[in-house]
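Here's start-v8.cif, which has mmCIF, C-alpha atoms:
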data_model
loop_
_atom_site.label_atom_id
_atom_site.label_comp_id
_atom_site.auth_asym_id
_atom_site.auth_seq_id
_atom_site.Cartn_x
_atom_site.Cartn_y
_atom_site.Cartn_z
CA MET S 1 92.43 190.17 48.77
CA LYS S 2 89.47 189.16 50.96
CA ARG S 3 88.87 186.10 48.71
CA THR S 4 92.52 185.04 49.12
CA LYS S 5 92.28 185.50 52.90
CA ARG S 6 89.13 183.34 53.01
CA ILE S 7 90.88 180.58 51.03
CA VAL S 8 93.89 180.62 53.39
CA ILE S 9 91.63 180.50 56.45
CA GLY S 10 89.57 177.71 54.87
CA LEU S 11 92.63 175.61 54.07
CA SER S 12 94.01 176.17 57.56
CA THR S 13 90.74 174.97 59.08
CA PHE S 14 90.68 171.96 56.75
CA PHE S 15 94.18 170.80 57.65
CA ALA S 16 93.55 171.45 61.34
CA CYS S 17 90.49 169.19 61.16
CA MET S 18 92.51 166.51 59.38
CA ILE S 19 95.05 166.55 62.19
CA LEU S 20 92.28 166.23 64.77
CA VAL S 21 90.64 163.18 63.17
CA VAL S 22 93.78 161.16 62.37
CA PRO S 23 93.39 158.06 64.57
CA ARG S 24 97.01 156.98 64.60
CA ASP S 25 99.34 158.16 67.31
CA TYR S 26 102.45 158.92 65.27
CA ALA S 27 104.25 160.24 68.34
CA ALA S 28 103.76 156.84 69.96
CA ASP S 29 105.09 155.13 66.80
CA LEU S 30 108.42 156.84 67.39
CA HIS S 31 108.83 154.84 70.60
CA ARG S 32 108.29 151.45 68.94
CA PRO S 33 111.23 149.11 69.69
CA PRO S 34 112.59 146.65 67.11
CA ASN S 35 111.00 143.20 66.83
CA THR S 36 113.72 141.17 68.53
CA PRO S 37 113.82 138.35 71.12
CA ASP S 38 114.85 140.97 73.69
CA THR S 39 111.75 143.04 72.96
CA ILE S 40 109.57 139.91 73.17
CA ASP S 41 111.07 139.01 76.56
CA ARG S 42 110.55 142.51 77.92
CA GLY S 43 107.04 142.61 76.48
CA HIS S 44 106.27 139.32 78.22
CA ALA S 45 107.43 140.77 81.54
CA PHE S 46 105.41 143.98 81.05
CA PHE S 47 102.37 141.91 80.04
CA ALA S 48 102.61 139.55 83.02
CA ASN S 49 103.01 142.46 85.42
CA ASN S 50 100.17 144.58 84.06
CA CYS S 51 97.81 142.22 82.22
CA GLY S 52 98.50 138.76 83.60
CA ILE S 53 96.12 139.06 86.55
CA CYS S 54 93.20 138.86 84.07
CA HIS S 55 94.66 137.29 80.92
CA GLY S 56 97.15 134.92 82.58
CA ALA S 57 100.91 135.45 82.75
CA ASP S 58 101.39 133.80 79.34
CA ALA S 59 98.24 135.32 77.77
CA HIS S 60 96.39 131.99 77.75
CA GLY S 61 93.35 133.55 79.40
CA GLY S 62 91.88 133.56 82.89
CA ASP S 63 88.63 133.83 84.77
CA LYS S 64 88.16 137.46 83.75
CA ALA S 65 89.68 137.78 80.28
CA PRO S 66 90.17 135.74 77.08
CA ASP S 67 93.09 133.83 75.59
CA LEU S 68 95.22 136.19 73.46
CA ASN S 69 97.31 133.50 71.75
CA THR S 70 94.95 132.87 68.85
CA GLY S 71 96.00 135.85 66.75
CA ARG S 72 92.38 137.03 66.61
CA PHE S 73 91.39 139.97 68.79
CA LYS S 74 87.77 141.05 69.29
CA HIS S 75 88.56 144.76 69.48
CA ALA S 76 91.71 145.01 67.36
CA THR S 77 93.01 144.10 63.92
CA SER S 78 96.21 146.04 63.41
CA ASP S 79 99.13 146.63 65.77
CA GLN S 80 97.95 150.22 66.15
CA ASP S 81 94.53 148.91 67.23
CA LEU S 82 96.21 146.76 69.89
CA PHE S 83 98.21 149.77 71.06
CA SER S 84 94.99 151.78 71.37
CA VAL S 85 93.12 149.03 73.26
CA ILE S 86 95.96 148.58 75.74
CA THR S 87 96.32 152.33 76.23
CA HIS S 88 92.68 153.45 76.24
CA GLY S 89 90.89 150.26 77.31
CA VAL S 90 87.53 149.11 75.95
CA PRO S 91 84.47 151.12 77.11
CA GLY S 92 81.68 148.99 78.51
CA THR S 93 84.01 146.13 79.47
CA ILE S 94 86.36 145.41 82.36
CA MET S 95 89.34 146.18 80.11
CA PRO S 96 90.76 149.35 81.71
CA ALA S 97 92.93 152.11 80.30
CA ASN S 98 96.62 151.88 81.16
CA ASN S 99 99.00 154.75 81.69
CA LEU S 100 102.04 152.82 80.43
CA PRO S 101 104.94 154.37 78.51
CA ALA S 102 104.54 153.95 74.74
CA GLU S 103 107.70 151.83 74.51
CA GLN S 104 106.29 149.34 77.03
CA VAL S 105 102.96 149.15 75.22
CA TRP S 106 104.72 148.44 71.93
CA ALA S 107 106.81 145.74 73.63
CA ILE S 108 103.56 144.12 74.84
CA VAL S 109 102.15 144.28 71.29
CA THR S 110 105.33 142.64 69.98
CA TYR S 111 105.02 139.89 72.61
CA LEU S 112 101.36 139.25 71.77
CA ARG S 113 102.17 138.97 68.07
CA SER S 114 105.01 136.54 68.86
CA THR S 115 102.63 134.14 70.57
CA VAL S 116 100.92 133.42 67.26
CA ALA S 117 102.32 130.55 65.22
CA ALA S 118 105.04 131.79 62.91
CA ASP S 119 105.67 130.57 59.36
CA HIS S 120 108.32 127.88 59.77
CA SER S 121 108.15 126.63 56.20
CA GLY S 122 111.66 127.91 55.43
CA LEU S 123 113.38 125.71 58.01
CA LYS S 124 115.76 123.18 56.48
CA GLY S 125 116.32 120.88 59.45
CA ASP S 126 115.37 117.21 59.80
CA LYS S 127 112.43 117.04 62.20
CA GLU S 128 112.94 113.36 63.11
CA ALA S 129 116.65 113.89 63.76
CA GLY S 130 115.74 116.86 65.95
CA LYS S 131 113.23 114.73 67.86
CA GLN S 132 115.88 112.11 68.56
CA LEU S 133 118.30 114.81 69.67
CA PHE S 134 115.72 116.31 72.02
CA TRP S 135 114.73 113.03 73.69
CA ASN S 136 117.91 110.98 73.50
CA GLY S 137 120.71 113.50 73.38
CA GLY S 138 120.64 114.21 77.12
CA LYS S 139 120.48 117.94 76.40
CA CYS S 140 116.79 118.90 76.46
CA ALA S 141 114.34 116.40 77.93
CA ASN S 142 116.08 116.30 81.31
CA CYS S 143 114.77 119.81 81.97
CA HIS S 144 111.95 120.44 79.48
CA MET S 145 108.58 118.73 79.19
CA VAL S 146 106.59 117.98 76.06
CA ASN S 147 103.04 116.69 76.44
CA GLY S 148 103.58 115.40 79.96
CA LEU S 149 106.97 113.76 79.38
CA GLY S 150 110.36 115.12 80.40
CA GLY S 151 111.65 117.38 83.15
CA VAL S 152 109.98 120.28 84.91
CA LEU S 153 112.96 122.52 85.66
CA GLY S 154 112.70 124.46 82.41
CA PRO S 155 109.66 125.81 80.54
CA ASP S 156 107.09 123.38 79.12
CA LEU S 157 107.68 123.21 75.36
CA SER S 158 104.48 121.40 74.37
CA GLN S 159 103.26 124.38 72.34
CA VAL S 160 106.52 126.18 71.67
CA GLY S 161 106.07 125.88 67.88
CA GLN S 162 102.86 127.88 68.23
CA THR S 163 104.24 130.54 70.54
CA ARG S 164 107.85 131.19 69.53
CA THR S 165 109.72 131.97 66.34
CA ALA S 166 112.76 130.06 65.11
CA GLN S 167 114.85 133.21 65.67
CA TYR S 168 113.80 133.37 69.31
CA LEU S 169 114.50 129.66 69.88
CA THR S 170 117.90 129.91 68.23
CA GLN S 171 118.93 132.74 70.53
CA LYS S 172 117.78 130.84 73.61
CA ILE S 173 119.76 127.76 72.53
CA ARG S 174 122.93 129.70 71.80
CA ASP S 175 122.77 132.33 74.56
CA PRO S 176 120.04 131.67 77.16
CA ASN S 177 121.39 134.38 79.49
CA LYS S 178 120.93 137.21 77.01
CA LYS S 179 118.50 139.81 78.40
CA LEU S 180 116.71 137.63 80.94
CA THR S 181 113.13 138.60 81.72
CA ILE S 182 112.97 140.90 84.73
CA GLY S 183 110.90 139.98 87.78
CA PHE S 184 107.15 140.47 87.67
CA HIS S 185 104.20 140.08 90.00
CA GLU S 186 100.52 140.90 90.22
CA PRO S 187 99.69 144.60 90.56
CA ASN S 188 99.40 145.72 94.19
CA ALA S 189 100.77 142.39 95.46
CA ASP S 190 103.55 144.17 97.30
CA TYR S 191 103.85 141.41 99.86
CA VAL S 192 104.96 138.94 97.18
CA VAL S 193 108.59 138.83 96.04
CA PRO S 194 108.65 139.26 92.22
CA ILE S 195 109.48 136.02 90.41
CA SER S 196 112.09 136.37 87.70
CA ASN S 197 113.72 134.27 85.02
CA SER S 198 116.66 133.50 87.30
CA THR S 199 118.45 131.03 89.52
CA VAL S 200 118.10 130.71 93.28
CA THR S 201 120.31 128.87 95.75
CA VAL S 202 119.26 128.20 99.32
CA VAL S 203 121.40 126.91 102.17
CA THR S 204 119.67 125.40 105.20
CA LYS S 205 120.93 125.80 108.77
CA LEU S 206 122.01 122.15 108.56
CA GLY S 207 124.23 122.98 105.58
CA LYS S 208 122.11 121.49 102.77
CA ARG S 209 122.48 123.46 99.52
CA VAL S 210 119.76 123.40 96.85
CA THR S 211 119.97 125.26 93.53
CA GLY S 212 117.10 125.66 91.13
CA VAL S 213 114.37 127.90 89.76
CA PRO S 214 112.14 130.01 92.07
CA LYS S 215 108.41 129.43 91.64
CA ASN S 216 106.82 131.33 94.54
CA GLU S 217 108.27 133.45 97.30
CA ASP S 218 106.89 135.66 100.05
CA THR S 219 108.18 137.16 103.27
CA PHE S 220 108.13 133.84 105.14
CA SER S 221 108.68 131.08 102.60
CA ILE S 222 110.09 130.11 99.22
CA GLN S 223 109.07 127.38 96.80
CA MET S 224 111.44 126.23 94.08
CA ILE S 225 112.22 123.43 91.64
CA GLY S 226 115.69 122.00 92.16
CA THR S 227 118.09 120.84 89.46
CA ASP S 228 116.94 117.30 90.33
CA ASN S 229 113.42 118.28 89.12
CA GLU S 230 112.06 117.98 92.65
CA ILE S 231 109.80 120.60 94.25
CA TYR S 232 111.11 122.16 97.47
CA ASN S 233 109.28 124.25 100.05
CA PHE S 234 111.36 126.11 102.61
CA ILE S 235 110.44 128.23 105.59
CA LYS S 236 112.87 131.14 105.55
CA SER S 237 113.51 130.95 109.29
CA ASP S 238 115.01 127.49 108.67
CA LEU S 239 117.50 128.81 106.12
CA LYS S 240 120.99 130.14 106.56
CA GLY S 241 120.89 132.05 103.31
CA ILE S 242 119.09 132.68 99.98
CA THR S 243 120.95 133.85 96.89
CA HIS S 244 119.16 135.07 93.75
CA GLU S 245 121.19 135.35 90.53
CA GLN S 246 120.15 136.82 87.21
CA LYS S 247 121.35 133.86 85.16
CA SER S 248 119.73 130.88 83.53
CA LEU S 249 120.41 127.31 84.56
CA MET S 250 120.25 126.36 80.89
CA PRO S 251 123.74 126.02 79.43
CA ALA S 252 124.74 127.91 76.30
CA PHE S 253 125.12 125.47 73.42
CA THR S 254 127.99 126.70 71.28
CA ASP S 255 128.90 125.33 67.86
CA SER S 256 131.20 122.78 69.51
CA ASP S 257 128.20 121.46 71.49
CA LEU S 258 125.62 121.68 68.72
CA ASN S 259 126.66 122.57 65.20
CA ASP S 260 124.34 124.49 62.89
CA VAL S 261 122.99 121.30 61.32
CA ALA S 262 122.01 119.93 64.73
CA VAL S 263 120.44 123.25 65.75
CA ASN S 264 118.38 123.33 62.55
CA ASP S 265 117.22 119.75 63.19
CA LEU S 266 116.25 120.72 66.73
CA LEU S 267 114.41 123.80 65.47
CA ALA S 268 112.50 121.70 62.94
CA TYR S 269 111.24 119.51 65.78
CA LEU S 270 110.53 122.32 68.26
CA THR S 271 108.60 124.41 65.75
CA SER S 272 106.42 121.39 64.97
CA LEU S 273 105.18 121.31 68.56
CA HIS S 274 101.73 122.79 69.00
CA ARG S 275 98.40 122.25 70.73
CA GLY S 276 97.45 118.64 70.12
CA GLY S 277 100.79 117.99 68.37
CA GLN S 278 103.40 115.41 69.17
#
Take the structure in this file and express it as structure tokens.
Amino acid sequence: MKRTKRIVIGLSTFFACMILVVPRDYAADLHRPPNTPDTIDRGHAFFANNCGICHGADAHGGDKAPDLNTGRFKHATSDQDLFSVITHGVPGTIMPANNLPAEQVWAIVTYLRSTVAADHSGLKGDKEAGKQLFWNGGKCANCHMVNGLGGVLGPDLSQVGQTRTAQYLTQKIRDPNKKLTIGFHEPNADYVVPISNSTVTVVTKLGKRVTGVPKNEDTFSIQMIGTDNEIYNFIKSDLKGITHEQKSLMPAFTDSDLNDVAVNDLLAYLTSLHRGGQ
């Protein structure tokens, strides 16, 4: 009987030790959101708000921290490693621990993984036809820039093939308003109005109305890019009103605007864009 009791106690101790040394946080795994464009957008917002002050809002690096768009991380290999680094920090470096909810941390991990070039080998579109559509179709280049050419109202797409998947790009072409990124700002910068993926309209006291994308805003002023691709700086005391709307200025391109063949051609061109590309 004593021998049996010792065996039971020994096994109990063994399994207890196993539980203590398991490095993975399975409880945190339960909070992992699906890998979708919505999760990537939210992860981008969480990253910019909590990590962007050192790594840059788009993870391209800053004065204090490295570029995270290469897919190679000095202190992490797996997604679980990234989760641990973000949560616990890196001892001996300026990378601090973060008391973020597990779901937010996983969204950040999903965003960081999305910035690495995806495998676009399965795309069936015509890259040259997509290039012509982008530059000559009057639908893209008026607002988006590639390697210094094009408009400045929308995001620069010079490296979009390296940073976004075809699934993400398709959703943004078909439904750009779906789950817009929420506002974000630097930690403790409470005097700065959070900038969001949205539209702003200002009306001056003289009645001039300008609609565009907000770039910077504080208590006294607002800077924006208008739909004419011009940069505007306004002192708020000179304005009659400011209206922020959670909607994108980019139109939704339905099948009647761009059929699936045209979208695939456009995707073939966009996913070919990368650092040093065309």
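Take the PyMOL selection byres ((chain S and resi 210) around 10) and apply it to this file: it picks Val200, Thr201, Val202, Val203, Thr204, Gly207, Lys208, Arg209, Thr211, Gly212, Val213, Met224, Ile225, Gly226, Thr227, Asp228, Tyr232 and Ile242 of chain S.
Residues with any atom within 8 Å of Pro33 of chain S, counting all atoms listed in the file and excluding same-chain neighbours fewer than 4 positions away, are Thr39, Glu103, Trp106 and Ala107 of chain S.
By only C-alpha atoms, and with residues fewer than 2 positions from Leu258 of chain S along its chain excluded, the set lying at most 12 Å from it is Gly130, Leu133, Phe134, Gly137, Lys139, Thr170, Ile173, Arg174, Pro251, Ala252, Phe253, Thr254, Asp255, Ser256, Asp260, Val261, Ala262, Val263, Asn264, Asp265, Leu266 and Leu267 of chain S.
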Can you turn the PyMOL selection byres ((chain S and resi 64) around 12) into a concrete residue list for this file, as a PDB file with C-alpha atoms, keeping the file's coordinate frame?
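Generated output (part-v4.pdb):
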ATOM      1  CA  CYS S  51      97.810 142.220  82.220  1.00  0.00           C
ATOM      2  CA  GLY S  52      98.500 138.760  83.600  1.00  0.00           C
ATOM      3  CA  ILE S  53      96.120 139.060  86.550  1.00  0.00           C
ATOM      4  CA  CYS S  54      93.200 138.860  84.070  1.00  0.00           C
ATOM      5  CA  HIS S  55      94.660 137.290  80.920  1.00  0.00           C
ATOM      6  CA  GLY S  56      97.150 134.920  82.580  1.00  0.00           C
ATOM      7  CA  ALA S  59      98.240 135.320  77.770  1.00  0.00           C
ATOM      8  CA  HIS S  60      96.390 131.990  77.750  1.00  0.00           C
ATOM      9  CA  GLY S  61      93.350 133.550  79.400  1.00  0.00           C
ATOM     10  CA  GLY S  62      91.880 133.560  82.890  1.00  0.00           C
ATOM     11  CA  ASP S  63      88.630 133.830  84.770  1.00  0.00           C
ATOM     12  CA  ALA S  65      89.680 137.780  80.280  1.00  0.00           C
ATOM     13  CA  PRO S  66      90.170 135.740  77.080  1.00  0.00           C
ATOM     14  CA  ASP S  67      93.090 133.830  75.590  1.00  0.00           C
ATOM     15  CA  THR S  93      84.010 146.130  79.470  1.00  0.00           C
ATOM     16  CA  ILE S  94      86.360 145.410  82.360  1.00  0.00           C
ATOM     17  CA  MET S  95      89.340 146.180  80.110  1.00  0.00           C
TER      18      MET S  95
END
Subject >> For atom CA of Phe83 of chain S and atom CA of Gly43 of chain S, the interatomic separation in Å (one decimal) >> reply: 12.6 Å
Original post:
Closest to Ala97 of chain S among S:Ala129, S:Val85, S:Ile40, S:Ile235, using only C-alpha atoms?
Top reply: S:Val85
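As for atom CA of Lys247 of chain S and atom CA of Glu230 of chain S, they are spaced 19.9 Å apart.
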